>>> print(open('coords_16.txt').read())   # compact mmCIF, C-alpha atoms
# COMPACT_ATOMS: atom_id res chain seq x y z
CA MET A 1204 13.46 42.25 -28.99
CA ILE A 1205 15.43 41.87 -25.78
CA HIS A 1206 14.83 45.48 -24.79
CA ARG A 1207 11.15 45.13 -25.55
CA LYS A 1208 10.72 42.10 -23.28
CA LEU A 1209 12.42 43.90 -20.41
CA PHE A 1210 10.31 47.06 -20.86
CA VAL A 1211 6.90 45.39 -20.32
CA PRO A 1212 7.57 43.99 -16.81
CA LEU A 1213 9.16 47.29 -15.78
CA ALA A 1214 6.07 49.26 -16.86
CA LEU A 1215 3.79 46.88 -14.99
CA THR A 1216 5.93 47.19 -11.86
CA LEU A 1217 5.81 50.99 -11.98
CA ALA A 1218 2.04 50.92 -12.45
CA LEU A 1219 1.57 48.64 -9.43
CA LEU A 1220 3.81 50.83 -7.27
CA SER A 1221 1.88 53.93 -8.32
CA ALA A 1222 -1.44 52.28 -7.49
CA CYS A 1223 -0.20 51.22 -4.06
CA THR A 1224 1.08 54.73 -3.31
CA THR A 1225 -2.21 56.31 -4.38
CA THR A 1226 -4.19 53.91 -2.20
CA LYS A 1227 -1.93 54.60 0.76
CA HIS A 1228 -2.30 58.38 0.45
CA ALA A 1229 -6.08 58.04 0.04
CA GLY A 1230 -6.32 56.07 3.26
CA LEU A 1231 -4.19 58.53 5.25
CA GLN A 1232 -5.59 61.79 3.92
CA HIS A 1233 -7.92 62.14 6.94
CA GLU A 1234 -5.18 61.29 9.45
CA GLU A 1235 -2.61 63.94 8.56
CA PHE A 1236 -2.18 67.34 10.18
CA GLY A 1237 -2.45 70.36 7.94
CA ALA A 1238 -2.23 74.13 8.12
CA THR A 1239 -5.86 74.69 7.11
CA GLY A 1240 -8.13 76.84 9.23
CA VAL A 1241 -11.32 74.82 8.77
CA PHE A 1242 -11.92 74.18 12.46
CA THR A 1243 -10.72 77.47 13.95
CA ARG A 1244 -11.42 81.19 13.74
CA SER A 1245 -10.33 84.27 15.71
CA PHE A 1246 -12.84 86.79 17.08
CA PRO A 1247 -12.52 90.04 19.05
CA GLY A 1248 -13.50 89.99 22.71
CA THR A 1249 -13.06 87.62 25.62
CA GLU A 1250 -13.49 83.86 25.62
CA LYS A 1251 -16.67 84.17 27.69
CA SER A 1252 -18.25 86.44 25.08
CA ALA A 1253 -17.21 84.13 22.23
CA CYS A 1254 -18.60 81.00 23.92
CA GLU A 1255 -21.84 82.80 24.79
CA ALA A 1256 -22.25 83.79 21.13
CA ALA A 1257 -21.51 80.17 20.12
CA ARG A 1258 -24.17 78.92 22.55
CA ARG A 1259 -26.77 81.25 21.05
CA ALA A 1260 -25.76 80.25 17.53
CA LEU A 1261 -26.25 76.54 18.29
CA LEU A 1262 -29.54 77.14 20.09
CA SER A 1263 -30.86 79.02 17.06
CA GLN A 1264 -30.23 75.94 14.89
CA GLY A 1265 -32.06 73.44 17.11
CA TYR A 1266 -29.10 72.10 19.08
CA VAL A 1267 -29.64 70.95 22.68
CA ILE A 1268 -26.86 72.20 24.95
CA SER A 1269 -25.62 69.22 26.98
CA ASP A 1270 -22.54 70.80 28.56
CA TRP A 1271 -21.78 74.46 29.08
CA LYS A 1272 -18.87 76.15 30.82
CA PRO A 1273 -17.40 79.64 30.39
CA SER A 1274 -14.90 78.41 27.78
CA VAL A 1275 -16.24 74.95 26.76
CA LEU A 1276 -19.50 74.19 25.00
CA LYS A 1277 -21.14 71.01 23.73
CA GLY A 1278 -24.40 70.69 21.81
CA ARG A 1279 -26.30 67.82 20.20
CA ARG A 1280 -28.81 67.68 17.37
CA LYS A 1281 -30.78 64.69 16.05
CA TYR A 1282 -32.33 64.27 12.61
CA GLN A 1283 -33.53 61.54 10.28
CA PRO A 1284 -32.29 61.83 6.68
CA GLU A 1285 -34.05 58.61 5.59
CA ALA A 1286 -36.88 56.44 6.85
CA ASP A 1287 -34.59 53.80 8.39
CA ILE A 1288 -31.54 56.02 9.06
CA HIS A 1289 -31.09 58.08 12.21
CA ALA A 1290 -28.25 60.60 12.60
CA GLU A 1291 -26.86 62.70 15.45
CA ILE A 1292 -24.38 65.60 15.38
CA GLU A 1293 -22.35 66.40 18.47
CA PHE A 1294 -20.89 69.90 18.22
CA ASN A 1295 -17.91 70.79 20.44
CA VAL A 1296 -16.65 74.35 20.91
CA VAL A 1297 -13.60 75.51 22.88
CA CYS A 1298 -12.79 79.21 23.35
CA VAL A 1299 -9.21 80.18 24.22
CA ALA A 1300 -7.79 83.68 24.72
CA ASP A 1301 -4.95 84.41 22.30
CA SER A 1302 -2.70 85.65 25.12
CA LYS A 1303 -2.88 86.83 28.72
CA GLY A 1304 -4.79 90.08 28.84
CA SER A 1305 -5.57 89.86 25.13
CA ASN A 1306 -8.79 91.23 23.68
CA SER A 1307 -9.10 88.50 21.04
CA THR A 1308 -10.18 84.86 21.30
CA THR A 1309 -9.63 81.81 19.11
CA VAL A 1310 -12.65 79.53 18.75
CA PHE A 1311 -12.08 75.84 17.95
CA ALA A 1312 -15.08 73.95 16.55
CA ASN A 1313 -15.46 70.24 15.93
CA ALA A 1314 -18.58 68.32 14.88
CA VAL A 1315 -18.92 64.52 15.01
CA ARG A 1316 -21.72 62.84 13.09
CA ASP A 1317 -23.01 59.39 14.13
CA ARG A 1318 -25.30 57.38 11.88
CA TYR A 1319 -27.64 54.65 13.12
CA SER A 1320 -29.54 52.13 11.06
CA LEU A 1321 -32.74 50.32 11.99
CA LYS A 1322 -32.09 46.60 12.27
CA LYS A 1323 -34.78 43.97 12.63
CA SER A 1324 -34.22 40.68 14.44
CA ASN A 1325 -36.70 37.79 14.38
CA THR A 1326 -37.17 35.75 17.52
CA SER A 1327 -38.54 32.24 17.21
CA ALA A 1328 -41.05 30.79 19.64
CA SER A 1329 -40.38 27.57 21.55
CA ILE A 1330 -43.14 25.07 22.36
CA GLY A 1331 -42.63 22.29 24.86
CA VAL A 1332 -43.86 18.86 23.80
CA SER A 1333 -43.83 16.11 26.39
CA ALA A 1334 -42.81 13.38 23.97
CA ILE A 1335 -39.93 15.08 22.10
CA GLY A 1336 -39.06 18.01 24.36
CA SER A 1337 -38.82 21.64 23.20
CA VAL A 1338 -39.46 22.54 19.55
CA SER A 1339 -38.52 25.94 18.04
CA LEU A 1340 -40.93 27.28 15.47
CA PRO A 1341 -40.02 29.98 12.89
CA PHE A 1342 -42.84 32.35 13.82
CA GLY A 1343 -42.46 34.80 16.67
CA SER A 1344 -42.00 38.51 17.40
CA THR A 1345 -39.84 41.05 15.56
CA ASP A 1346 -37.66 43.49 17.49
CA ASP A 1347 -36.38 46.75 15.99
CA ALA A 1348 -33.18 48.35 17.27
CA LEU A 1349 -30.94 51.23 16.20
CA VAL A 1350 -27.37 50.11 15.53
CA LYS A 1351 -24.50 52.54 14.95
CA VAL A 1352 -23.13 52.04 11.47
CA ALA A 1353 -20.80 55.05 11.04
CA SER A 1354 -19.08 57.80 13.02
CA GLU A 1355 -16.94 60.55 11.52
CA THR A 1356 -15.78 64.13 12.05
CA ILE A 1357 -17.47 66.46 9.59
CA PRO A 1358 -14.62 67.83 7.41
CA THR A 1359 -16.66 70.16 5.20
CA GLY A 1360 -15.32 73.70 5.35
CA GLN A 1361 -18.65 75.26 4.37
CA PHE A 1362 -20.32 73.66 7.41
CA TYR A 1363 -17.96 75.41 9.84
CA GLU A 1364 -17.93 78.59 7.76
CA GLN A 1365 -21.68 78.97 8.27
CA PHE A 1366 -21.29 78.35 12.00
CA PHE A 1367 -18.56 80.99 12.38
CA GLU A 1368 -20.60 83.52 10.41
CA LEU A 1369 -23.58 82.90 12.69
CA LEU A 1370 -21.35 83.18 15.76
CA ASP A 1371 -20.02 86.52 14.52
CA ARG A 1372 -23.57 87.75 14.07
CA TYR A 1373 -24.52 86.86 17.65
CA LEU A 1374 -21.26 88.27 19.00
CA ASP A 1375 -22.53 91.81 18.37
CA SER A 1376 -25.53 91.23 20.66
CA VAL A 1377 -23.53 89.66 23.51
CA PRO A 1378 -22.62 92.17 26.26
CA TYR A 1379 -18.94 92.89 26.62
CA ILE A 1380 -17.54 90.64 29.35
CA GLN A 1381 -14.08 91.21 30.75
CA GLU A 1382 -12.60 90.72 34.17
CA THR A 1383 -9.53 92.82 34.82
CA GLU A 1384 -6.86 91.84 37.29
CA GLU A 1385 -7.81 94.76 39.55
CA GLU A 1386 -11.42 93.52 39.73
CA LYS A 1387 -10.26 90.03 40.66
CA LYS A 1388 -8.05 91.37 43.46
CA THR A 1389 -10.71 93.67 44.86
CA VAL A 1390 -11.80 92.45 48.31
CA THR A 1391 -14.56 94.02 50.33
CA ALA A 1392 -13.33 95.67 53.53
CA PRO A 1393 -14.31 93.74 56.70
CA PRO A 1394 -16.89 95.44 58.96
CA ALA A 1395 -15.56 97.48 61.90
CA PRO A 1396 -15.54 95.61 65.24
CA PRO A 1397 -18.17 96.70 67.80
CA ALA A 1398 -17.01 99.24 70.38
CA SER A 1399 -16.44 98.04 73.95
CA ALA A 1400 -18.53 99.20 76.90
CA SER A 1401 -15.75 101.46 78.28
CA GLN A 1402 -15.26 103.09 74.87
CA ALA A 1403 -19.00 103.64 74.56
CA ALA A 1404 -19.17 105.20 78.03
CA SER A 1405 -16.23 107.52 77.37
CA SER A 1406 -17.64 108.65 74.06
CA THR A 1407 -21.07 109.39 75.56
CA PRO A 1408 -21.38 113.07 76.55
CA PRO A 1409 -22.33 113.72 80.24
CA ALA A 1410 -26.01 114.24 80.86
CA GLU A 1411 -27.05 117.78 81.69
CA SER A 1412 -28.37 118.31 85.20
CA GLY A 1413 -32.05 119.14 85.36
CA LYS A 1414 -31.58 121.44 88.32
CA LYS A 1415 -29.52 124.59 88.04
CA SER A 1416 -27.09 125.32 90.76
CA GLU A 1417 -28.18 128.13 93.17
CA ASP A 1418 -25.99 131.16 93.51
>>> encode(input="coords_16.txt", output="structure tokens")
Amino acid sequence: MIHRKLFVPLALTLALLSACTTTKHAGLQHEEFGATGVFTRSFPGTEKSACEAARRALLSQGYVISDWKPSVLKGRRKYQPEADIHAEIEFNVVCVADSKGSNSTTVFANAVRDRYSLKKSNTSASIGVSAIGSVSLPFGSTDDALVKVASETIPTGQFYEQFFELLDRYLDSVPYIQETEEEKKTVTAPPAPPASASQAASSTPPAESGKKSED
């Protein structure tokens, strides 16, 4: 009987510790770094070609390009999943060459989804009465406003997989862009300075005499 009484509290303690550990891991599962390749993919070509293909891929899906640089891209898309819910997706793309002079580029993609809900606020009307002052009545106007209720990074691997497949499809139609070091160092030769008056006179052949000398 003694061993049985001691066993019950011990089992309850282990169960509580297990529940706390599970809750802790569930809360931190989106805050840990992992070795997954959900947000990144490597493509052949330069970073300019990869970002140009990414821009065309986003444009084909209804995204509005808000920021565009040779190696950085940002697009935004709005949609309404429900009657009183508004959502926006901000898609960020960064293209980085794998190494100096490399012919391959790593594309990093990240999409943030914001959700807004339609909130209604009633405003009461005030009427001034000379005897008792101002009186607030319950009737008035109703104002509707969108309030952000959630914001998260989309973690779904299939979402980014479809984007990378579309980027790879547009990469074939993007012209090959590469700037070699020799092209960067090429400088146009400066124009030759104008010749001076003395140099022009010396270089001009003497004029032939119109009259022949008599013998």
>>> residues_around(input="coords_16.txt", residues="stretch 1252-1257 of chain A", least_positions_apart="6", cutoff="10 Å", atoms="all atoms listed in the file", output="short mmCIF file (atom, residue, chain, number, x, y, z; two decimals) with C-alpha atoms, in the frame of the given file")
data_model
loop_
_atom_site.label_atom_id
_atom_site.label_comp_id
_atom_site.auth_asym_id
_atom_site.auth_seq_id
_atom_site.Cartn_x
_atom_site.Cartn_y
_atom_site.Cartn_z
CA SER A 1245 -10.33 84.27 15.71
CA PHE A 1246 -12.84 86.79 17.08
CA SER A 1263 -30.86 79.02 17.06
CA TRP A 1271 -21.78 74.46 29.08
CA LYS A 1272 -18.87 76.15 30.82
CA PRO A 1273 -17.40 79.64 30.39
CA SER A 1274 -14.90 78.41 27.78
CA VAL A 1275 -16.24 74.95 26.76
CA LEU A 1276 -19.50 74.19 25.00
CA LYS A 1277 -21.14 71.01 23.73
CA VAL A 1296 -16.65 74.35 20.91
CA VAL A 1297 -13.60 75.51 22.88
CA CYS A 1298 -12.79 79.21 23.35
CA VAL A 1299 -9.21 80.18 24.22
CA ALA A 1300 -7.79 83.68 24.72
CA SER A 1307 -9.10 88.50 21.04
CA THR A 1308 -10.18 84.86 21.30
CA THR A 1309 -9.63 81.81 19.11
CA VAL A 1310 -12.65 79.53 18.75
CA ALA A 1312 -15.08 73.95 16.55
CA PHE A 1366 -21.29 78.35 12.00
CA PHE A 1367 -18.56 80.99 12.38
CA LEU A 1369 -23.58 82.90 12.69
CA LEU A 1370 -21.35 83.18 15.76
CA ASP A 1371 -20.02 86.52 14.52
CA ARG A 1372 -23.57 87.75 14.07
CA TYR A 1373 -24.52 86.86 17.65
CA LEU A 1374 -21.26 88.27 19.00
CA ASP A 1375 -22.53 91.81 18.37
CA SER A 1376 -25.53 91.23 20.66
CA VAL A 1377 -23.53 89.66 23.51
CA PRO A 1378 -22.62 92.17 26.26
CA TYR A 1379 -18.94 92.89 26.62
CA ILE A 1380 -17.54 90.64 29.35
CA GLN A 1381 -14.08 91.21 30.75
#
>>> residues_around(input="coords_16.txt", residues="A:Val1352", least_positions_apart="5", cutoff="9 Å", atoms="all atoms listed in the file", output="list in words")
Asp1317, Arg1318, Tyr1319 and Ser1320 of chain A
>>> atom_distance(input="coords_16.txt", atom1="atom CA of A:Leu1321", atom2="atom CA of A:Gly1278")
24.1 Å
>>> closest_residue(input="coords_16.txt", among="A:Glu1235, A:Glu1368, A:Glu1355, A:Asp1347", to="A:Ala1260", atoms="all atoms listed in the file")
A:Glu1368
>>> atom_distance(input="coords_16.txt", atom1="atom CA of A:Thr1356", atom2="atom CA of A:Phe1311")
13.6 Å
>>> closest_residue(input="coords_16.txt", among="A:Gly1304, A:Leu1349, A:Asp1287, A:Ala1314", to="A:Phe1362", atoms="all atoms listed in the file")
A:Ala1314
